[in-house]
$ cat protein.txt   # compact mmCIF, C-alpha atoms
# COMPACT_ATOMS: atom_id res chain seq x y z
CA MET A 222 0.00 0.00 0.00
CA SER A 223 1.34 3.44 -0.87
CA VAL A 224 1.76 6.26 1.61
CA VAL A 225 0.49 9.82 1.38
CA ALA A 226 3.93 11.08 0.33
CA ASP A 227 3.78 8.87 -2.77
CA LEU A 228 0.83 10.83 -4.14
CA PRO A 229 1.66 13.90 -6.22
CA PRO A 230 -0.02 16.98 -4.67
CA ALA A 231 -2.46 17.36 -7.55
CA GLU A 232 -3.53 13.72 -7.30
CA LEU A 233 -4.05 13.96 -3.55
CA ARG A 234 -6.12 17.10 -4.05
CA ASP A 235 -8.20 15.57 -6.83
CA ARG A 236 -8.85 12.35 -4.95
CA LEU A 237 -9.83 14.20 -1.77
CA ARG A 238 -12.09 16.46 -3.79
CA GLY A 239 -13.61 13.54 -5.71
CA PRO A 240 -14.12 10.01 -4.38
CA GLY A 241 -11.96 10.55 -1.29
CA ILE A 242 -9.03 8.64 0.15
CA ASP A 243 -8.83 5.82 2.65
CA LEU A 244 -6.34 6.91 5.29
CA VAL A 245 -5.11 4.08 7.49
CA THR A 246 -4.23 4.98 11.09
CA GLY A 247 -3.34 1.87 13.05
CA ARG A 248 -6.23 -0.57 12.82
CA PHE A 249 -8.69 2.00 11.51
CA ARG A 250 -9.49 2.99 7.96
CA THR A 251 -11.07 6.40 7.50
CA ARG A 252 -12.60 7.51 4.23
CA ILE A 253 -12.02 11.25 3.92
CA VAL A 254 -13.56 13.60 1.37
CA SER A 255 -12.73 17.30 1.25
CA GLY A 256 -12.26 19.91 -1.39
CA LEU A 257 -10.62 22.33 1.03
CA PRO A 258 -6.96 23.20 0.44
CA GLU A 259 -6.28 23.42 4.21
CA VAL A 260 -7.28 19.77 4.57
CA THR A 261 -5.18 18.68 1.59
CA THR A 262 -2.16 20.53 2.96
CA GLY A 263 -2.66 19.19 6.46
CA ILE A 264 -2.92 15.59 5.27
CA ALA A 265 0.08 15.99 2.93
CA GLN A 266 2.25 17.47 5.69
CA LEU A 267 1.15 15.66 8.83
CA TYR A 268 0.04 12.26 7.51
CA ARG A 269 2.96 12.13 5.04
CA ASP A 270 4.08 8.63 6.07
CA PHE A 271 0.65 7.02 6.57
CA PRO A 272 -0.73 4.30 4.29
CA VAL A 273 -3.38 5.50 1.89
CA ASP A 274 -5.42 3.86 -0.83
CA GLY A 275 -8.90 3.51 -2.20
CA PRO A 276 -11.51 4.34 -1.61
CA THR A 277 -12.17 0.62 -1.73
CA GLY A 278 -14.11 -1.82 0.41
CA PHE A 279 -14.90 -1.34 4.07
CA ALA A 280 -13.98 1.82 5.95
CA ASP A 281 -14.51 2.25 9.68
CA PHE A 282 -15.46 5.90 9.36
CA HIS A 283 -16.78 7.98 6.47
CA VAL A 284 -16.05 11.65 7.05
CA ALA A 285 -16.03 14.88 5.08
CA VAL A 286 -14.87 18.41 5.80
CA ALA A 287 -16.68 20.90 3.61
CA ARG A 288 -18.06 24.40 3.33
CA PRO A 289 -21.73 24.75 4.23
CA ARG A 290 -24.31 25.57 1.63
CA GLY A 291 -25.61 29.12 1.42
CA LEU A 292 -24.12 32.46 2.29
CA ARG A 293 -21.48 31.18 4.72
CA ARG A 294 -19.86 29.30 1.90
CA TRP A 295 -18.63 32.68 0.66
CA TYR A 296 -19.16 35.34 3.33
CA ARG A 297 -16.83 34.78 6.30
CA PRO A 298 -16.66 31.15 5.20
CA GLN A 299 -17.20 28.31 7.61
CA VAL A 300 -16.47 24.60 7.61
CA LEU A 301 -18.52 21.57 8.64
CA PHE A 302 -17.43 18.11 9.74
CA ARG A 303 -19.71 15.39 8.41
CA PHE A 304 -19.87 11.83 9.65
CA ASP A 305 -21.83 9.45 7.43
CA GLY A 306 -23.09 12.54 5.63
CA ARG A 307 -24.43 14.10 8.82
CA SER A 308 -23.03 17.28 10.34
CA VAL A 309 -22.16 16.47 13.95
CA PHE A 310 -20.67 19.76 15.19
CA LYS A 311 -21.53 23.38 14.89
CA PRO A 312 -19.68 25.01 11.99
CA LEU A 313 -16.28 26.57 12.64
CA PRO A 314 -14.46 29.43 10.89
CA GLY A 315 -13.02 28.38 7.56
CA ASN A 316 -9.37 28.58 8.62
CA GLN A 317 -9.97 25.75 11.14
CA ALA A 318 -10.66 23.05 8.56
CA PHE A 319 -7.71 20.83 9.45
CA PRO A 320 -8.07 21.10 13.24
CA MET A 321 -11.75 20.31 12.72
CA LEU A 322 -10.82 17.15 10.83
CA GLU A 323 -8.57 16.11 13.72
CA TRP A 324 -11.21 16.84 16.35
CA GLY A 325 -13.76 15.02 14.24
CA LEU A 326 -11.55 11.95 13.95
CA ASN A 327 -11.15 11.96 17.73
CA TRP A 328 -14.92 12.13 18.04
CA CYS A 329 -15.30 9.13 15.71
CA LEU A 330 -13.01 7.05 17.89
CA THR A 331 -14.47 8.04 21.23
CA THR A 332 -18.09 7.62 20.21
CA GLN A 333 -17.96 4.69 17.79
CA VAL A 334 -15.21 2.38 19.01
CA HIS A 335 -16.33 -0.05 21.68
CA HIS A 336 -14.26 -3.10 20.85
CA TYR A 337 -11.47 -1.39 22.81
CA LEU A 338 -11.58 0.13 26.26
CA VAL A 339 -10.77 3.75 25.43
CA PHE A 340 -9.13 6.11 27.89
CA HIS A 341 -8.57 9.83 27.48
CA ALA A 342 -4.82 9.49 27.71
CA ALA A 343 -1.64 10.06 25.78
CA VAL A 344 0.43 6.92 25.22
CA VAL A 345 4.08 6.58 24.29
CA ALA A 346 6.34 3.57 24.47
CA ASN A 347 9.89 2.98 25.61
CA GLY A 348 11.05 -0.39 24.34
CA GLU A 349 8.17 -2.81 24.70
CA ARG A 350 6.43 -0.95 27.53
CA ALA A 351 3.75 1.73 27.34
CA LEU A 352 3.66 4.91 29.37
CA VAL A 353 0.00 5.88 29.73
CA MET A 354 -0.71 9.51 30.66
CA PRO A 355 -4.39 10.02 31.47
CA GLY A 356 -5.77 13.47 31.98
CA PRO A 357 -8.46 15.97 31.10
CA PRO A 358 -7.86 18.69 28.50
CA GLY A 359 -5.29 21.18 29.72
CA SER A 360 -3.38 18.76 31.92
CA GLY A 361 -0.40 18.88 29.57
CA LYS A 362 -0.50 15.30 28.33
CA SER A 363 -0.23 16.17 24.62
CA THR A 364 2.67 18.54 25.24
CA LEU A 365 4.51 15.94 27.27
CA CYS A 366 3.70 13.31 24.67
CA ALA A 367 5.10 15.53 21.89
CA ALA A 368 8.24 16.22 23.88
CA LEU A 369 8.83 12.52 24.53
CA VAL A 370 8.34 11.43 20.93
CA THR A 371 10.79 14.05 19.67
CA GLN A 372 13.33 12.57 22.09
CA GLY A 373 13.08 8.97 20.93
CA TRP A 374 9.96 7.55 22.56
CA ARG A 375 7.50 5.82 20.27
CA LEU A 376 4.19 7.60 19.70
CA LEU A 377 0.99 5.62 20.12
CA SER A 378 -1.44 8.48 20.66
CA ASP A 379 -1.58 11.92 22.22
CA GLU A 380 -5.30 11.63 22.89
CA MET A 381 -6.51 8.11 23.58
CA ALA A 382 -5.29 4.81 24.88
CA LEU A 383 -6.92 1.83 23.15
CA LEU A 384 -6.84 -1.18 25.46
CA ASP A 385 -7.40 -4.53 23.77
CA LEU A 386 -10.16 -6.33 25.67
CA GLU A 387 -8.73 -9.77 24.96
CA SER A 388 -4.98 -9.36 25.19
CA GLY A 389 -4.79 -6.37 27.55
CA LEU A 390 -2.24 -4.80 25.18
CA ILE A 391 -2.37 -1.15 24.18
CA HIS A 392 -2.83 -0.23 20.55
CA GLY A 393 -1.74 2.99 18.90
CA LEU A 394 -2.85 5.35 16.19
CA ALA A 395 0.32 7.45 15.80
CA ARG A 396 -1.73 10.38 14.50
CA PRO A 397 -0.41 13.97 14.61
CA VAL A 398 0.05 15.39 18.09
CA SER A 399 -2.07 18.42 18.93
CA LEU A 400 -0.23 21.37 20.48
CA LYS A 401 -1.85 24.42 22.00
CA ASN A 402 -0.75 27.94 22.81
CA GLU A 403 2.52 28.11 24.83
CA SER A 404 3.26 24.46 24.16
CA ILE A 405 3.95 25.24 20.48
CA PRO A 406 7.07 27.40 20.99
CA ALA A 407 8.12 25.25 23.95
CA LEU A 408 8.13 22.13 21.79
CA GLN A 409 9.88 23.94 18.94
CA ALA A 410 12.59 25.08 21.36
CA LEU A 411 13.09 21.52 22.58
CA ALA A 412 13.04 19.96 19.10
CA PRO A 413 13.82 22.59 16.45
CA ASP A 414 14.01 19.94 13.70
CA ALA A 415 10.57 18.47 14.36
CA PHE A 416 7.90 19.41 11.83
CA VAL A 417 5.09 21.45 13.36
CA SER A 418 2.27 22.74 11.15
CA ALA A 419 1.50 26.43 10.78
CA PRO A 420 -0.46 27.62 13.84
CA CYS A 421 -4.20 28.06 13.52
CA HIS A 422 -5.31 30.99 15.66
CA ASP A 423 -8.51 31.84 17.52
CA THR A 424 -9.91 28.34 17.84
CA LEU A 425 -11.97 27.29 20.85
CA LYS A 426 -8.73 25.95 22.32
CA GLY A 427 -6.69 29.04 21.43
CA THR A 428 -3.86 28.70 18.95
CA VAL A 429 -3.34 25.12 17.79
CA ALA A 430 -0.72 23.38 15.68
CA HIS A 431 0.17 19.74 15.06
CA LEU A 432 3.39 17.81 15.32
CA ARG A 433 4.08 15.32 12.53
CA PRO A 434 4.51 11.82 13.99
CA PRO A 435 7.95 10.24 13.66
CA ILE A 436 8.07 7.81 10.74
CA ASP A 437 9.24 5.00 13.02
CA SER A 438 6.09 5.36 15.12
CA VAL A 439 3.91 5.28 12.01
CA GLU A 440 5.63 2.19 10.65
CA ARG A 441 5.27 0.31 13.95
CA VAL A 442 1.72 1.46 14.67
CA ARG A 443 0.18 -2.00 14.33
CA THR A 444 2.46 -3.45 16.99
CA PRO A 445 0.71 -3.16 20.38
CA VAL A 446 2.64 -2.76 23.62
CA ARG A 447 2.36 -4.03 27.18
CA PRO A 448 1.47 -1.60 29.97
CA GLY A 449 4.46 -0.30 31.91
CA TRP A 450 3.72 2.96 33.65
CA ILE A 451 0.68 5.12 34.37
CA VAL A 452 1.61 8.74 34.97
CA PHE A 453 -0.95 11.45 35.66
CA PRO A 454 0.66 14.60 34.24
CA ARG A 455 0.01 18.11 35.40
CA PHE A 456 1.54 21.21 33.86
CA VAL A 457 2.16 23.51 36.82
CA PRO A 458 3.67 26.95 36.20
CA GLN A 459 6.42 27.88 38.65
CA ALA A 460 6.61 24.38 40.05
CA ALA A 461 9.50 21.99 40.25
CA THR A 462 9.52 18.81 38.21
CA GLU A 463 8.21 16.22 40.62
CA LEU A 464 7.38 12.55 40.17
CA LEU A 465 5.53 11.02 43.11
CA ALA A 466 4.39 7.44 43.52
CA ARG A 467 0.63 7.03 43.43
CA SER A 468 -1.26 4.15 44.99
CA ARG A 469 -2.76 1.72 42.55
CA ASP A 470 -6.29 2.10 43.89
CA THR A 471 -6.32 5.86 43.27
CA ALA A 472 -4.68 5.25 39.89
CA PHE A 473 -7.52 2.85 39.10
CA PHE A 474 -10.17 5.45 39.84
CA GLY A 475 -8.14 8.11 38.03
CA LEU A 476 -8.17 5.93 34.95
CA VAL A 477 -11.87 5.15 35.23
CA SER A 478 -12.69 8.85 35.44
CA ASN A 479 -10.80 9.32 32.17
CA ALA A 480 -12.42 6.38 30.36
CA PHE A 481 -14.83 7.00 27.52
CA ASN A 482 -16.65 3.67 27.56
CA TYR A 483 -16.00 2.03 30.96
CA SER A 484 -19.68 1.97 31.86
CA ALA A 485 -20.77 0.84 28.42
CA LEU A 486 -18.46 -2.19 28.42
CA GLY A 487 -19.40 -3.51 31.87
CA ASP A 488 -17.49 -6.31 33.63
CA ILE A 489 -14.75 -6.64 31.06
CA ALA A 490 -13.84 -2.96 31.47
CA PHE A 491 -13.43 -3.47 35.22
CA GLU A 492 -11.27 -6.55 34.75
CA ARG A 493 -9.06 -4.99 32.09
CA THR A 494 -8.62 -1.74 34.00
CA VAL A 495 -7.52 -3.66 37.09
CA ASP A 496 -5.12 -5.68 34.90
CA LEU A 497 -3.73 -2.49 33.37
CA VAL A 498 -3.10 -0.90 36.74
CA ALA A 499 -1.71 -4.11 38.23
CA GLN A 500 0.93 -4.29 35.50
CA SER A 501 1.97 -0.66 35.83
CA ASP A 502 3.93 1.57 38.13
CA CYS A 503 1.72 4.54 38.96
CA HIS A 504 2.78 8.13 39.54
CA ASP A 505 1.67 11.74 39.68
CA PHE A 506 3.90 14.02 37.68
CA SER A 507 4.04 17.80 37.79
CA TYR A 508 6.29 19.62 35.37
CA ILE A 509 6.99 22.89 33.67
CA HIS A 510 10.27 22.45 31.74
CA LEU A 511 10.00 19.94 28.94
CA ALA A 512 13.66 18.94 28.90
CA GLU A 513 13.58 18.19 32.63
CA ALA A 514 10.32 16.30 32.24
CA VAL A 515 11.71 14.13 29.44
CA ALA A 516 14.84 13.39 31.49
CA ARG A 517 12.83 12.44 34.57
CA LEU A 518 10.53 10.10 32.65
CA GLY A 519 13.57 8.61 30.94
CA GLU A 520 14.96 7.77 34.39
CA LEU A 521 11.62 6.21 35.30
CA ALA A 522 11.67 4.04 32.19
CA GLY A 523 15.24 3.01 32.88
CA ALA A 524 14.34 1.86 36.38
CA GLY A 525 11.90 -0.83 35.17
CA THR A 526 8.50 -1.58 36.65
CA ARG A 527 7.10 -3.21 39.75
CA PRO A 528 4.12 -5.33 38.75
CA VAL A 529 1.64 -6.68 41.28
CA ASP A 530 2.19 -10.34 42.12
CA MET B 169 -36.15 -14.03 61.84
CA TYR B 170 -32.87 -15.69 60.89
CA ARG B 171 -30.70 -13.54 58.64
CA ARG B 172 -27.76 -14.65 56.54
CA TRP B 173 -25.62 -12.77 54.06
CA GLU B 174 -23.86 -13.65 50.84
CA ILE B 175 -21.93 -11.79 48.15
CA ASP B 176 -24.28 -10.63 45.43
CA PRO B 177 -23.78 -12.89 42.40
CA HIS B 178 -23.44 -9.82 40.15
CA VAL B 179 -20.35 -8.63 42.00
CA ARG B 180 -16.78 -9.19 40.90
CA CYS B 181 -13.94 -8.52 43.29
CA ARG B 182 -10.31 -7.85 42.41
CA ARG B 183 -7.41 -6.98 44.64
CA LEU B 184 -4.90 -4.22 43.82
CA ASP B 185 -1.96 -4.37 46.21
CA ASP B 186 -3.72 -4.55 49.60
CA GLN B 187 -6.95 -2.88 48.47
CA LEU B 188 -10.10 -4.73 47.44
CA LEU B 189 -12.24 -3.40 44.59
CA ALA B 190 -15.79 -4.59 44.01
CA TYR B 191 -17.63 -4.10 40.73
CA HIS B 192 -21.39 -4.56 40.41
CA SER B 193 -22.35 -5.53 36.88
CA GLY B 194 -25.95 -4.37 37.35
CA SER B 195 -25.32 -0.81 38.49
CA GLY B 196 -21.90 -0.52 36.87
CA ASP B 197 -20.56 0.95 40.11
CA THR B 198 -17.07 0.21 41.34
CA HIS B 199 -16.32 0.41 45.07
CA LEU B 200 -13.09 0.60 47.02
CA LEU B 201 -13.69 -1.33 50.22
CA THR B 202 -12.46 -0.43 53.68
CA PRO B 203 -10.23 -2.99 55.39
CA PHE B 204 -13.18 -4.01 57.62
CA SER B 205 -15.53 -4.50 54.66
CA ASP B 206 -12.71 -6.30 52.90
CA ALA B 207 -12.50 -8.75 55.83
CA ILE B 208 -16.26 -9.31 55.79
CA LEU B 209 -16.26 -9.98 52.05
CA THR B 210 -13.33 -12.33 52.45
CA ALA B 211 -15.34 -14.16 55.12
CA LEU B 212 -18.25 -14.43 52.71
CA ALA B 213 -16.13 -15.66 49.80
CA VAL B 214 -16.59 -19.39 49.31
CA GLY B 215 -15.17 -22.10 47.17
CA PRO B 216 -17.11 -24.18 44.65
CA GLY B 217 -19.79 -26.32 46.26
CA GLU B 218 -19.65 -24.55 49.63
CA GLU B 219 -22.69 -22.96 51.23
CA ALA B 220 -22.40 -19.26 50.39
CA ALA B 221 -24.57 -17.55 52.99
CA ARG B 222 -23.17 -16.80 56.46
CA SER B 223 -24.93 -15.78 59.63
CA LEU B 224 -23.78 -12.83 61.72
CA ALA B 225 -22.26 -15.22 64.26
CA GLU B 226 -20.36 -17.05 61.54
CA ILE B 227 -19.05 -13.79 60.12
CA ARG B 228 -18.03 -12.55 63.58
CA ALA B 229 -16.18 -15.81 64.21
CA ASP B 230 -14.17 -15.56 61.00
CA PRO B 231 -10.52 -14.92 62.01
CA GLY B 232 -10.13 -12.05 59.49
CA VAL B 233 -13.17 -10.25 60.93
CA ALA B 234 -12.42 -11.15 64.54
CA ARG B 235 -9.06 -9.36 64.45
CA PHE B 236 -10.94 -6.04 64.25
CA GLY B 237 -12.58 -6.80 67.61
CA ALA B 238 -15.93 -5.55 66.35
CA GLY B 239 -19.24 -6.44 67.97
CA ASP B 240 -22.46 -7.52 66.29
CA ARG B 241 -23.63 -3.90 65.93
CA GLU B 242 -20.54 -2.80 63.97
CA ILE B 243 -20.64 -5.87 61.76
CA ALA B 244 -24.36 -5.41 61.09
CA ASP B 245 -23.77 -1.76 60.18
CA ALA B 246 -21.02 -2.71 57.75
CA LEU B 247 -23.23 -5.40 56.22
CA TRP B 248 -26.03 -2.88 55.84
CA MET B 249 -23.71 -0.51 53.97
CA LEU B 250 -22.49 -3.33 51.74
CA GLU B 251 -26.10 -4.30 51.12
CA GLU B 252 -26.99 -0.71 50.19
CA ALA B 253 -24.11 -0.71 47.69
CA GLY B 254 -25.40 -3.95 46.19
CA ILE B 255 -22.27 -5.85 47.14
CA VAL B 256 -23.93 -8.33 49.52
CA ARG B 257 -27.49 -9.51 49.77
CA VAL B 258 -29.39 -10.70 52.76
CA LEU B 259 -31.37 -13.92 52.94
CA GLU B 260 -34.11 -14.08 55.52
CA ALA B 261 -35.74 -17.19 56.89
CA ALA B 262 -38.31 -17.67 59.60
$ encode --input "protein.txt" --output "structure tokens"
Amino acid sequence: MSVVADLPPAELRDRLRGPGIDLVTGRFRTRIVSGLPEVTTGIAQLYRDFPVDGPTGFADFHVAVARPRGLRRWYRPQVLFRFDGRSVFKPLPGNQAFPMLEWGLNWCLTTQVHHYLVFHAAVVANGERALVMPGPPGSGKSTLCAALVTQGWRLLSDEMALLDLESGLIHGLARPVSLKNESIPALQALAPDAFVSAPCHDTLKGTVAHLRPPIDSVERVRTPVRPGWIVFPRFVPQAATELLARSRDTAFFGLVSNAFNYSALGDIAFERTVDLVAQSDCHDFSYIHLAEAVARLGELAGAGTRPVD
Amino acid sequence: MYRRWEIDPHVRCRRLDDQLLAYHSGSGDTHLLTPFSDAILTALAVGPGEEAARSLAEIRADPGVARFGAGDREIADALWMLEEAGIVRVLEAA
């Protein structure tokens, strides 16, 4: 299967504008249609190394990003995200087409995927072990995730941990990492060679940009990893970098409060969440400086884990 | 009235380090049990083929419960709270 970078820009544009493309992120195939140049550019830049084909056969999600009909197609243009032909969000200003695609894809996963237990968490891997970082928006998990992947950790996801209900392994998506506001220059200072998209201003989340996933993470995306560490990150201005052990019972409830489908899945979600916590070392982590944070988590990974008997 | 208690059949228990978690598949609620409730549930846990329900006297006599030195009133209160949470159920017989 070819990757996005294999498609000449005009062909990518024409396919997106016409029948669409099937973009493969991990174990999911998303059929995307859009005639908007911001979407074409975003996919070309940020999904450069991802498999693409079709559209052929089955796709998990059918999405489109398009201008609305009527006046707002032309006057102060807006964009809509459509899922199965249905608009699922309020329209956003036209310059936010690519962020809207990303938010829409997150919505698809969190509302439609129930064959995994899905946590609101960033996940990276060091060797064969996963570092799961649960947290609500604003906790700093995406920033920390971006910093770690630019320093050699493998990216699984900056937004959701997909726990396999049978194997208990964690699957990745390796999609672009979302950066907001001050985290954009902070990441660029830490990793000046990393590709970060042009910032999109005045969104609901402030200024947003995306980090292109490392090619190694994209190529290994279908290889799941074992749990290793659960770290609850917290970006705290004017605080020292601090990693404190957290009891497994409070880690369990911290994870449950960040799960999208724990209640929907029932018993199996309870069992798998206990298994996940039992196999992991659990910590609270406050940080402000990315380089210090990366170093501290590197030490943690180097120290191994202490699984429950 | 003769009362006996047993773990609700819809409850699953798992231990994390020294803490006991109980999940009720009907309500979907997950509970973290106190050490005393943990001891009571351990007293009520039975192997295959064993009689599940225990009387208050049997629970009080269990070594894990007895080490707390609690009287019937404290044990009954704890059982009532576990019953309210759906973790145990009471069987009544004349």
$ interface_residues --input "protein.txt" --of "chain A" --to "chain B" --cutoff "9 Å" --atoms "only C-alpha atoms" --output "number ranges by chain"
A: 468-470, 473-474, 483-485, 487-488, 491-492, 495, 498-499, 529-530
$ residues_around --input "protein.txt" --residues "Ala211 of chain B" --least-positions-apart "2" --cutoff "7 Å" --atoms "only C-alpha atoms" --output "PDB file with C-alpha atoms, keeping the file's coordinate frame"
ATOM      1  CA  ALA B 207     -12.500  -8.750  55.830  1.00  0.00           C
ATOM      2  CA  ILE B 208     -16.260  -9.310  55.790  1.00  0.00           C
ATOM      3  CA  LEU B 209     -16.260  -9.980  52.050  1.00  0.00           C
ATOM      4  CA  ALA B 213     -16.130 -15.660  49.800  1.00  0.00           C
ATOM      5  CA  ILE B 227     -19.050 -13.790  60.120  1.00  0.00           C
ATOM      6  CA  ASP B 230     -14.170 -15.560  61.000  1.00  0.00           C
TER       7      ASP B 230
END
$ atom_distance --input "protein.txt" --atom1 "atom CA of Gly254 of chain B" --atom2 "atom CA of Phe204 of chain B"
16.7 Å
$ residues_around --input "protein.txt" --residues "Glu387 of chain A" --least-positions-apart "5" --cutoff "12 Å" --atoms "only C-alpha atoms" --output "short mmCIF file (atom, residue, chain, number, x, y, z; two decimals) with C-alpha atoms, keeping the file's coordinate frame"
data_model
loop_
_atom_site.label_atom_id
_atom_site.label_comp_id
_atom_site.auth_asym_id
_atom_site.auth_seq_id
_atom_site.Cartn_x
_atom_site.Cartn_y
_atom_site.Cartn_z
CA HIS A 336 -14.26 -3.10 20.85
CA TYR A 337 -11.47 -1.39 22.81
CA LEU A 338 -11.58 0.13 26.26
CA ILE A 489 -14.75 -6.64 31.06
CA ALA A 490 -13.84 -2.96 31.47
CA GLU A 492 -11.27 -6.55 34.75
CA ARG A 493 -9.06 -4.99 32.09
CA ASP A 496 -5.12 -5.68 34.90
#
$ atom_distance --input "protein.txt" --atom1 "atom CA of Glu403 of chain A" --atom2 "atom CA of Ala460 of chain A"
16.2 Å
$ atom_distance --input "protein.txt" --atom1 "atom CA of Asp385 of chain A" --atom2 "atom CA of Ile451 of chain A"
16.5 Å
$ residues_around --input "protein.txt" --residues "Trp374 of chain A" --least-positions-apart "3" --cutoff "10 Å" --atoms "all atoms listed in the file" --output "list in words"
Val344, Val345, Ala346, Asn347, Gly348, Ala351, Leu352, Cys366, Ala367, Ala368, Leu369, Val370, Thr371, Leu377, Pro435, Asp437, Ser438, Val515 and Gly519 of chain A
$ write_last_selection --input "protein.txt" --atoms "C-alpha atoms" --output "PDB file, in the frame of the given file"
ATOM      1  CA  VAL A 344       0.430   6.920  25.220  1.00  0.00           C
ATOM      2  CA  VAL A 345       4.080   6.580  24.290  1.00  0.00           C
ATOM      3  CA  ALA A 346       6.340   3.570  24.470  1.00  0.00           C
ATOM      4  CA  ASN A 347       9.890   2.980  25.610  1.00  0.00           C
ATOM      5  CA  GLY A 348      11.050  -0.390  24.340  1.00  0.00           C
ATOM      6  CA  ALA A 351       3.750   1.730  27.340  1.00  0.00           C
ATOM      7  CA  LEU A 352       3.660   4.910  29.370  1.00  0.00           C
ATOM      8  CA  CYS A 366       3.700  13.310  24.670  1.00  0.00           C
ATOM      9  CA  ALA A 367       5.100  15.530  21.890  1.00  0.00           C
ATOM     10  CA  ALA A 368       8.240  16.220  23.880  1.00  0.00           C
ATOM     11  CA  LEU A 369       8.830  12.520  24.530  1.00  0.00           C
ATOM     12  CA  VAL A 370       8.340  11.430  20.930  1.00  0.00           C
ATOM     13  CA  THR A 371      10.790  14.050  19.670  1.00  0.00           C
ATOM     14  CA  LEU A 377       0.990   5.620  20.120  1.00  0.00           C
ATOM     15  CA  PRO A 435       7.950  10.240  13.660  1.00  0.00           C
ATOM     16  CA  ASP A 437       9.240   5.000  13.020  1.00  0.00           C
ATOM     17  CA  SER A 438       6.090   5.360  15.120  1.00  0.00           C
ATOM     18  CA  VAL A 515      11.710  14.130  29.440  1.00  0.00           C
ATOM     19  CA  GLY A 519      13.570   8.610  30.940  1.00  0.00           C
TER      20      GLY A 519
END
$ residues_around --input "protein.txt" --residues "segment 234-238 of chain B" --least-positions-apart "3" --cutoff "12 Å" --atoms "all atoms listed in the file" --output "PDB file with C-alpha atoms, in the coordinates of the input"
ATOM      1  CA  PRO B 203     -10.230  -2.990  55.390  1.00  0.00           C
ATOM      2  CA  PHE B 204     -13.180  -4.010  57.620  1.00  0.00           C
ATOM      3  CA  SER B 205     -15.530  -4.500  54.660  1.00  0.00           C
ATOM      4  CA  ASP B 206     -12.710  -6.300  52.900  1.00  0.00           C
ATOM      5  CA  ALA B 207     -12.500  -8.750  55.830  1.00  0.00           C
ATOM      6  CA  ILE B 208     -16.260  -9.310  55.790  1.00  0.00           C
ATOM      7  CA  ALA B 211     -15.340 -14.160  55.120  1.00  0.00           C
ATOM      8  CA  LEU B 224     -23.780 -12.830  61.720  1.00  0.00           C
ATOM      9  CA  ALA B 225     -22.260 -15.220  64.260  1.00  0.00           C
ATOM     10  CA  GLU B 226     -20.360 -17.050  61.540  1.00  0.00           C
ATOM     11  CA  ILE B 227     -19.050 -13.790  60.120  1.00  0.00           C
ATOM     12  CA  ARG B 228     -18.030 -12.550  63.580  1.00  0.00           C
ATOM     13  CA  ALA B 229     -16.180 -15.810  64.210  1.00  0.00           C
ATOM     14  CA  ASP B 230     -14.170 -15.560  61.000  1.00  0.00           C
ATOM     15  CA  PRO B 231     -10.520 -14.920  62.010  1.00  0.00           C
ATOM     16  CA  ARG B 241     -23.630  -3.900  65.930  1.00  0.00           C
ATOM     17  CA  GLU B 242     -20.540  -2.800  63.970  1.00  0.00           C
ATOM     18  CA  ILE B 243     -20.640  -5.870  61.760  1.00  0.00           C
ATOM     19  CA  ALA B 244     -24.360  -5.410  61.090  1.00  0.00           C
ATOM     20  CA  ASP B 245     -23.770  -1.760  60.180  1.00  0.00           C
ATOM     21  CA  ALA B 246     -21.020  -2.710  57.750  1.00  0.00           C
TER      22      ALA B 246
END
$ axis_aligned_box --input "protein.txt" --around "segment 348-360 of chain A" --padding-each-side "3 Å" --output "AutoDock Vina command-line options"
--center_x 1.3 --center_y 9.2 --center_z 28.2 --size_x 25.5 --size_y 30.0 --size_z 13.6
$ residues_around --input "protein.txt" --residues "Glu463 of chain A" --least-positions-apart "4" --cutoff "12 Å" --atoms "only C-alpha atoms" --output "list of chain:residue names"
A:Val452, A:Phe453, A:Pro454, A:Arg455, A:Phe456, A:Val457, A:Gln459, A:His504, A:Asp505, A:Phe506, A:Ser507, A:Tyr508, A:Ile509, A:His510, A:Glu513, A:Ala514, A:Val515, A:Ala516, A:Arg517, A:Leu518, A:Leu521
$ write_last_selection --input "protein.txt" --atoms "C-alpha atoms" --output "short mmCIF file (atom, residue, chain, number, x, y, z; two decimals), in the coordinates of the input"
data_model
loop_
_atom_site.label_atom_id
_atom_site.label_comp_id
_atom_site.auth_asym_id
_atom_site.auth_seq_id
_atom_site.Cartn_x
_atom_site.Cartn_y
_atom_site.Cartn_z
CA VAL A 452 1.61 8.74 34.97
CA PHE A 453 -0.95 11.45 35.66
CA PRO A 454 0.66 14.60 34.24
CA ARG A 455 0.01 18.11 35.40
CA PHE A 456 1.54 21.21 33.86
CA VAL A 457 2.16 23.51 36.82
CA GLN A 459 6.42 27.88 38.65
CA HIS A 504 2.78 8.13 39.54
CA ASP A 505 1.67 11.74 39.68
CA PHE A 506 3.90 14.02 37.68
CA SER A 507 4.04 17.80 37.79
CA TYR A 508 6.29 19.62 35.37
CA ILE A 509 6.99 22.89 33.67
CA HIS A 510 10.27 22.45 31.74
CA GLU A 513 13.58 18.19 32.63
CA ALA A 514 10.32 16.30 32.24
CA VAL A 515 11.71 14.13 29.44
CA ALA A 516 14.84 13.39 31.49
CA ARG A 517 12.83 12.44 34.57
CA LEU A 518 10.53 10.10 32.65
CA LEU A 521 11.62 6.21 35.30
#
$ residues_near_point --input "protein.txt" --point "(-2.6, 5.2, 15.4)" --cutoff "6 Å" --atoms "all atoms listed in the file" --output "MDAnalysis selection string"
chainID A and resid 246:247 377 393:396 442
$ residues_near_point --input "protein.txt" --point "(-21.2, 18.8, 17.6)" --cutoff "12 Å" --atoms "only C-alpha atoms" --output "PyMOL selection string"
chain A and resi 301-304+307-313+321+324-325+328-329+332
